[in-house]
Amino acid sequence: MKSVGNANIGFLKEKARLLRMEILKMLTESGSGHTGGSLSAADVVTVLYFYKMKHKPADPEWRERDRFILSKGHAAPVLYAALALSGYFDKPLLKTLRKLGSPLQGHPCSKMLPGVEISTGSLGQGLSIADGIAMGLKLDGLTSRVYCLLGDGETQEGQVWEAAMTAAHYRLDNLCAIIDNNGLQIDGPCSDVMSIEPIVNKWEAFGWHVIDINGHDMEAIVNALNEAETVKLKPTMIVARTVKGKGVSFFEGKVQYHGIAPTGEELEKALKELKYNG
C-alpha cells in the first residue's frame, strides 16, 4: 500500500469507495436528495475523516476535536456516510435519510445527529460560522482546527467574501476551507450562471494561502491538508477541482443529477461499477 507521510493511500481509496456506495444506497432509499455534489466531495471528506481530523466518535463533544462545517449542506449524504463509517452511529440508520422523524435530515441538523457541528443548508453561511468557531478556539487557547467545505456555486454568495475578509483580517491560520469545484450548480455550469474564475487569484487577493489541486487525487488531498497545517498567520483555501457525480460513469459531469436520487436500476448499475459485494 502506498503511503504519503503517515497516510495510507490504499486505505483512503477503499474508504472513499465505501462512502460512495453508502451515499448511493441511502439516496435511492429516500427517493430524493443530492447525488452529484455528494459524490464529488467524497474523496476530500474521506481524507478529512479518516486521516486528517482529530475526532472521537465515542465522544462527539470532545473539546479538543477538530471541527468540520459542511457549508454546502445539500451534500449531507457524504457527511452522513463519513459519520456512519467512522462510528458515530450504526450504519442501518443511513436508510432513514429524509424520512419523517429521522435525525438524517435533508440538510444536516446539529440538534438531531451526533457529529454534526452546525445546522447548514442556507448557502453562503458556513464560512462565517467557521470563522467564528476558529476565533473562539484561539480565544480558548486550543490548537484544534476548523475545516469548512463549500460548493463552487456557493461562492457566488456575497457573504462568503465577507467571511473571506474576516478570516484574513484576524489571521485565522487554524482555518482551512475547501471548495468542491465541480463546475456545475443546479442551474447549469457555474461559468454560465455566474463565473467564479479566476478563483485562485481571488482568494489570494483576499489574503488567503491557496492550494490548487485535483480533488480526486488522494495524495494531492493529503499533501494539501498537511501543507495547510504549516501555514502561519493566514487561513488556507484548497481549491479542489472535482467532477460532479464522480465514481459513477453515467452520473459524472451531468448537471441533472445535482438534486436527483438514483433509481433502483441506476443504483444496481452504479454499485456494479463500484464493485459492491453485498
# chains A, B, ... in the order shown; residues from 1 in each chain; ligands from 1
>>> select_by_dssp(residues="stretch 37-267 of chain A", states="strand (DSSP E)", output="tab-separated table (two decimals) with C-alpha atoms, in the first residue's frame")
chain	number	residue	atom	x	y	z
A	67	ARG	CA	-14.43	20.87	13.60
A	68	PHE	CA	-15.95	20.16	10.18
A	69	ILE	CA	-18.53	22.55	8.74
A	70	LEU	CA	-20.42	21.33	5.66
A	146	VAL	CA	-11.65	24.08	11.60
A	147	TYR	CA	-12.38	22.66	8.15
A	148	CYS	CA	-15.15	24.15	6.01
A	149	LEU	CA	-16.36	22.61	2.74
A	150	LEU	CA	-18.05	24.96	0.26
A	151	GLY	CA	-19.59	24.43	-3.15
A	175	LEU	CA	-8.99	27.58	9.48
A	176	CYS	CA	-8.82	25.58	6.26
A	177	ALA	CA	-11.63	25.94	3.72
A	178	ILE	CA	-12.09	23.68	0.73
A	179	ILE	CA	-14.06	24.43	-2.42
A	180	ASP	CA	-15.66	21.42	-4.11
A	181	ASN	CA	-15.01	22.92	-7.53
A	184	LEU	CA	-21.82	22.66	-12.01
A	185	GLN	CA	-24.68	24.04	-9.94
A	188	GLY	CA	-26.09	24.70	-15.05
A	189	PRO	CA	-22.36	25.38	-15.42
A	209	HIS	CA	-2.93	30.92	1.25
A	210	VAL	CA	-4.33	29.00	-1.73
A	211	ILE	CA	-3.58	25.43	-2.84
A	212	ASP	CA	-4.99	24.29	-6.21
A	213	ILE	CA	-5.37	20.51	-6.54
A	214	ASN	CA	-7.12	17.62	-8.25
A	236	THR	CA	-5.86	28.36	3.80
A	237	MET	CA	-8.16	27.71	0.86
A	238	ILE	CA	-7.88	24.43	-1.01
A	239	VAL	CA	-9.44	24.64	-4.47
A	240	ALA	CA	-10.33	21.01	-5.14
A	241	ARG	CA	-11.01	20.51	-8.86
>>> residues_around(residues="A:Ala168", least_positions_apart="5", cutoff="8 Å", atoms="only C-alpha atoms", output="ChimeraX atom specification")
/A:206-208,234-235
>>> residues_around(residues="stretch 86-92 of chain A", least_positions_apart="3", cutoff="7 Å", atoms="only C-alpha atoms", output="ChimeraX atom specification")
/A:57-58,82-83,95,114-115
>>> write_last_selection(atoms="N, CA and C atoms", output="PDB file, in the first residue's frame")
ATOM      1  N   PRO A  57     -15.489   9.548  17.696  1.00  0.00           N
ATOM      2  CA  PRO A  57     -16.893   9.171  17.506  1.00  0.00           C
ATOM      3  C   PRO A  57     -17.611   8.812  18.815  1.00  0.00           C
ATOM      4  N   ALA A  58     -16.881   8.261  19.758  1.00  0.00           N
ATOM      5  CA  ALA A  58     -17.497   7.898  21.046  1.00  0.00           C
ATOM      6  C   ALA A  58     -17.719   9.104  21.943  1.00  0.00           C
ATOM      7  N   ALA A  82     -19.760   9.438   6.057  1.00  0.00           N
ATOM      8  CA  ALA A  82     -18.497   9.525   6.794  1.00  0.00           C
ATOM      9  C   ALA A  82     -18.707   9.316   8.288  1.00  0.00           C
ATOM     10  N   LEU A  83     -19.776   9.901   8.828  1.00  0.00           N
ATOM     11  CA  LEU A  83     -20.064   9.742  10.253  1.00  0.00           C
ATOM     12  C   LEU A  83     -20.387   8.287  10.588  1.00  0.00           C
ATOM     13  N   LYS A  95     -30.405   4.340   6.116  1.00  0.00           N
ATOM     14  CA  LYS A  95     -31.603   4.051   5.314  1.00  0.00           C
ATOM     15  C   LYS A  95     -32.762   4.993   5.629  1.00  0.00           C
ATOM     16  N   PRO A 114     -25.500  13.303  16.409  1.00  0.00           N
ATOM     17  CA  PRO A 114     -24.146  13.459  16.953  1.00  0.00           C
ATOM     18  C   PRO A 114     -23.126  13.537  15.821  1.00  0.00           C
ATOM     19  N   GLY A 115     -22.160  14.431  15.971  1.00  0.00           N
ATOM     20  CA  GLY A 115     -21.123  14.575  14.960  1.00  0.00           C
ATOM     21  C   GLY A 115     -21.353  15.718  13.995  1.00  0.00           C
TER      22      GLY A 115
END
>>> residues_around(residues="A:Gly153", least_positions_apart="4", cutoff="12 Å", atoms="only C-alpha atoms", output="list of chain:residue names")
A:Gly37, A:Ser71, A:Lys72, A:Leu123, A:Gly124, A:Glu157, A:Gly158, A:Val160, A:Ile179, A:Asp180, A:Asn181, A:Asn182, A:Gly183, A:Leu184, A:Gln185, A:Ile186, A:Asp187, A:Gly188, A:Pro189, A:Cys190, A:Ser191, A:Asp192, A:Val193, A:Met194, A:Ser195, A:Ile196, A:Glu197, A:Ile199, A:His258
>>> atom_distance(atom1="atom CA of A:Val78", atom2="atom CA of A:Val116")
12.1 Å
>>> select_by_dssp(residues="stretch 129-218 of chain A", states="helix (DSSP H, G or I)", output="PDB file with N, CA and C atoms, in the first residue's frame")
ATOM      1  N   ILE A 129     -19.627  30.956   9.884  1.00  0.00           N
ATOM      2  CA  ILE A 129     -19.690  30.133  11.097  1.00  0.00           C
ATOM      3  C   ILE A 129     -18.311  29.581  11.426  1.00  0.00           C
ATOM      4  N   ALA A 130     -17.618  29.097  10.394  1.00  0.00           N
ATOM      5  CA  ALA A 130     -16.274  28.552  10.595  1.00  0.00           C
ATOM      6  C   ALA A 130     -15.322  29.613  11.142  1.00  0.00           C
ATOM      7  N   ASP A 131     -15.455  30.840  10.648  1.00  0.00           N
ATOM      8  CA  ASP A 131     -14.649  31.952  11.169  1.00  0.00           C
ATOM      9  C   ASP A 131     -14.867  32.105  12.676  1.00  0.00           C
ATOM     10  N   GLY A 132     -16.130  32.145  13.070  1.00  0.00           N
ATOM     11  CA  GLY A 132     -16.446  32.333  14.478  1.00  0.00           C
ATOM     12  C   GLY A 132     -15.907  31.215  15.350  1.00  0.00           C
ATOM     13  N   ILE A 133     -16.035  29.986  14.884  1.00  0.00           N
ATOM     14  CA  ILE A 133     -15.522  28.844  15.647  1.00  0.00           C
ATOM     15  C   ILE A 133     -14.004  28.925  15.752  1.00  0.00           C
ATOM     16  N   ALA A 134     -13.337  29.256  14.635  1.00  0.00           N
ATOM     17  CA  ALA A 134     -11.876  29.358  14.640  1.00  0.00           C
ATOM     18  C   ALA A 134     -11.404  30.441  15.605  1.00  0.00           C
ATOM     19  N   MET A 135     -12.102  31.568  15.609  1.00  0.00           N
ATOM     20  CA  MET A 135     -11.750  32.643  16.549  1.00  0.00           C
ATOM     21  C   MET A 135     -11.954  32.196  17.998  1.00  0.00           C
ATOM     22  N   GLY A 136     -13.058  31.495  18.237  1.00  0.00           N
ATOM     23  CA  GLY A 136     -13.334  31.007  19.584  1.00  0.00           C
ATOM     24  C   GLY A 136     -12.291  30.021  20.078  1.00  0.00           C
ATOM     25  N   LEU A 137     -11.845  29.135  19.205  1.00  0.00           N
ATOM     26  CA  LEU A 137     -10.824  28.165  19.577  1.00  0.00           C
ATOM     27  C   LEU A 137      -9.522  28.865  19.969  1.00  0.00           C
ATOM     28  N   LYS A 138      -9.172  29.903  19.220  1.00  0.00           N
ATOM     29  CA  LYS A 138      -7.966  30.665  19.553  1.00  0.00           C
ATOM     30  C   LYS A 138      -8.115  31.354  20.913  1.00  0.00           C
ATOM     31  N   LEU A 139      -9.279  31.929  21.145  1.00  0.00           N
ATOM     32  CA  LEU A 139      -9.511  32.600  22.426  1.00  0.00           C
ATOM     33  C   LEU A 139      -9.438  31.619  23.598  1.00  0.00           C
ATOM     34  N   GLY A 153     -20.539  26.889  -6.713  1.00  0.00           N
ATOM     35  CA  GLY A 153     -21.656  27.797  -6.944  1.00  0.00           C
ATOM     36  C   GLY A 153     -21.976  28.627  -5.718  1.00  0.00           C
ATOM     37  N   GLU A 154     -21.728  28.057  -4.557  1.00  0.00           N
ATOM     38  CA  GLU A 154     -21.977  28.765  -3.302  1.00  0.00           C
ATOM     39  C   GLU A 154     -21.121  30.019  -3.172  1.00  0.00           C
ATOM     40  N   THR A 155     -19.933  30.002  -3.767  1.00  0.00           N
ATOM     41  CA  THR A 155     -19.051  31.159  -3.631  1.00  0.00           C
ATOM     42  C   THR A 155     -19.537  32.360  -4.437  1.00  0.00           C
ATOM     43  N   GLN A 156     -20.660  32.216  -5.115  1.00  0.00           N
ATOM     44  CA  GLN A 156     -21.308  33.372  -5.753  1.00  0.00           C
ATOM     45  C   GLN A 156     -22.037  34.237  -4.715  1.00  0.00           C
ATOM     46  N   GLY A 158     -22.502  36.685  -1.629  1.00  0.00           N
ATOM     47  CA  GLY A 158     -21.705  37.781  -1.091  1.00  0.00           C
ATOM     48  C   GLY A 158     -21.167  37.535   0.296  1.00  0.00           C
ATOM     49  N   GLN A 159     -21.931  36.828   1.115  1.00  0.00           N
ATOM     50  CA  GLN A 159     -21.494  36.597   2.493  1.00  0.00           C
ATOM     51  C   GLN A 159     -20.187  35.811   2.548  1.00  0.00           C
ATOM     52  N   VAL A 160     -19.966  34.965   1.546  1.00  0.00           N
ATOM     53  CA  VAL A 160     -18.722  34.193   1.507  1.00  0.00           C
ATOM     54  C   VAL A 160     -17.518  35.135   1.500  1.00  0.00           C
ATOM     55  N   TRP A 161     -17.627  36.221   0.764  1.00  0.00           N
ATOM     56  CA  TRP A 161     -16.486  37.127   0.614  1.00  0.00           C
ATOM     57  C   TRP A 161     -16.319  38.026   1.831  1.00  0.00           C
ATOM     58  N   GLU A 162     -17.401  38.321   2.530  1.00  0.00           N
ATOM     59  CA  GLU A 162     -17.263  38.990   3.824  1.00  0.00           C
ATOM     60  C   GLU A 162     -16.517  38.087   4.803  1.00  0.00           C
ATOM     61  N   ALA A 163     -16.876  36.806   4.786  1.00  0.00           N
ATOM     62  CA  ALA A 163     -16.197  35.842   5.660  1.00  0.00           C
ATOM     63  C   ALA A 163     -14.740  35.670   5.252  1.00  0.00           C
ATOM     64  N   ALA A 164     -14.467  35.730   3.953  1.00  0.00           N
ATOM     65  CA  ALA A 164     -13.090  35.617   3.472  1.00  0.00           C
ATOM     66  C   ALA A 164     -12.237  36.761   4.012  1.00  0.00           C
ATOM     67  N   MET A 165     -12.783  37.968   3.979  1.00  0.00           N
ATOM     68  CA  MET A 165     -12.056  39.127   4.516  1.00  0.00           C
ATOM     69  C   MET A 165     -11.841  38.996   6.022  1.00  0.00           C
ATOM     70  N   THR A 166     -12.868  38.534   6.717  1.00  0.00           N
ATOM     71  CA  THR A 166     -12.783  38.378   8.169  1.00  0.00           C
ATOM     72  C   THR A 166     -11.669  37.412   8.559  1.00  0.00           C
ATOM     73  N   ALA A 167     -11.631  36.261   7.889  1.00  0.00           N
ATOM     74  CA  ALA A 167     -10.638  35.233   8.218  1.00  0.00           C
ATOM     75  C   ALA A 167      -9.223  35.741   7.993  1.00  0.00           C
ATOM     76  N   ALA A 168      -9.020  36.486   6.907  1.00  0.00           N
ATOM     77  CA  ALA A 168      -7.695  37.029   6.634  1.00  0.00           C
ATOM     78  C   ALA A 168      -7.338  38.128   7.627  1.00  0.00           C
ATOM     79  N   HIS A 169      -8.305  38.986   7.937  1.00  0.00           N
ATOM     80  CA  HIS A 169      -8.060  40.098   8.859  1.00  0.00           C
ATOM     81  C   HIS A 169      -7.623  39.601  10.236  1.00  0.00           C
ATOM     82  N   CYS A 190     -21.307  26.680 -13.658  1.00  0.00           N
ATOM     83  CA  CYS A 190     -21.040  27.909 -12.892  1.00  0.00           C
ATOM     84  C   CYS A 190     -20.568  29.023 -13.817  1.00  0.00           C
ATOM     85  N   SER A 191     -19.830  28.660 -14.857  1.00  0.00           N
ATOM     86  CA  SER A 191     -19.304  29.661 -15.785  1.00  0.00           C
ATOM     87  C   SER A 191     -20.409  30.393 -16.526  1.00  0.00           C
ATOM     88  N   ASP A 192     -21.574  29.758 -16.665  1.00  0.00           N
ATOM     89  CA  ASP A 192     -22.714  30.400 -17.326  1.00  0.00           C
ATOM     90  C   ASP A 192     -23.584  31.171 -16.337  1.00  0.00           C
ATOM     91  N   VAL A 193     -23.779  30.610 -15.158  1.00  0.00           N
ATOM     92  CA  VAL A 193     -24.655  31.239 -14.163  1.00  0.00           C
ATOM     93  C   VAL A 193     -24.009  32.498 -13.594  1.00  0.00           C
ATOM     94  N   MET A 194     -22.788  32.352 -13.100  1.00  0.00           N
ATOM     95  CA  MET A 194     -22.015  33.483 -12.565  1.00  0.00           C
ATOM     96  C   MET A 194     -20.591  32.975 -12.364  1.00  0.00           C
ATOM     97  N   ILE A 199     -10.600  31.819  -9.688  1.00  0.00           N
ATOM     98  CA  ILE A 199     -10.892  31.564  -8.288  1.00  0.00           C
ATOM     99  C   ILE A 199      -9.650  31.584  -7.404  1.00  0.00           C
ATOM    100  N   VAL A 200      -8.537  31.068  -7.913  1.00  0.00           N
ATOM    101  CA  VAL A 200      -7.304  31.066  -7.123  1.00  0.00           C
ATOM    102  C   VAL A 200      -6.843  32.496  -6.854  1.00  0.00           C
ATOM    103  N   ASN A 201      -6.817  33.309  -7.911  1.00  0.00           N
ATOM    104  CA  ASN A 201      -6.379  34.705  -7.776  1.00  0.00           C
ATOM    105  C   ASN A 201      -7.263  35.479  -6.806  1.00  0.00           C
ATOM    106  N   LYS A 202      -8.564  35.197  -6.842  1.00  0.00           N
ATOM    107  CA  LYS A 202      -9.486  35.924  -5.969  1.00  0.00           C
ATOM    108  C   LYS A 202      -9.196  35.646  -4.498  1.00  0.00           C
ATOM    109  N   TRP A 203      -9.024  34.388  -4.152  1.00  0.00           N
ATOM    110  CA  TRP A 203      -8.771  34.055  -2.741  1.00  0.00           C
ATOM    111  C   TRP A 203      -7.401  34.561  -2.309  1.00  0.00           C
ATOM    112  N   GLU A 204      -6.428  34.523  -3.200  1.00  0.00           N
ATOM    113  CA  GLU A 204      -5.123  35.084  -2.867  1.00  0.00           C
ATOM    114  C   GLU A 204      -5.236  36.590  -2.620  1.00  0.00           C
ATOM    115  N   ALA A 205      -6.032  37.262  -3.454  1.00  0.00           N
ATOM    116  CA  ALA A 205      -6.218  38.708  -3.302  1.00  0.00           C
ATOM    117  C   ALA A 205      -6.907  39.048  -1.986  1.00  0.00           C
ATOM    118  N   MET A 218      -5.888  11.341  -4.092  1.00  0.00           N
ATOM    119  CA  MET A 218      -5.724  11.191  -2.644  1.00  0.00           C
ATOM    120  C   MET A 218      -4.411  11.777  -2.143  1.00  0.00           C
TER     121      MET A 218
END
>>> closest_atom_pairs(of="stretch 83-152 of chain A", to="stretch 259-278 of chain A", cutoff="12 Å", atoms="only C-alpha atoms", output="CSV")
residue,atom,partner,partner_atom,distance
A:Leu97,CA,A:Ala261,CA,11.6
A:Arg98,CA,A:Ala261,CA,11.8
A:Gly106,CA,A:Gly259,CA,11.1
>>> closest_residue(among="A:Ala220, A:Leu27, A:Met112, A:Val47", to="A:Thr96", atoms="only C-alpha atoms")
A:Leu27
>>> atom_distance(atom1="atom CA of A:Leu39", atom2="atom CA of A:Glu22")
10.3 Å
>>> closest_residue(among="A:Lys246, A:Arg65, A:Lys111, A:Arg171", to="A:Tyr49", atoms="only C-alpha atoms")
A:Arg65
>>> atom_distance(atom1="atom CA of A:Leu79", atom2="atom CA of A:Ile23")
9.2 Å
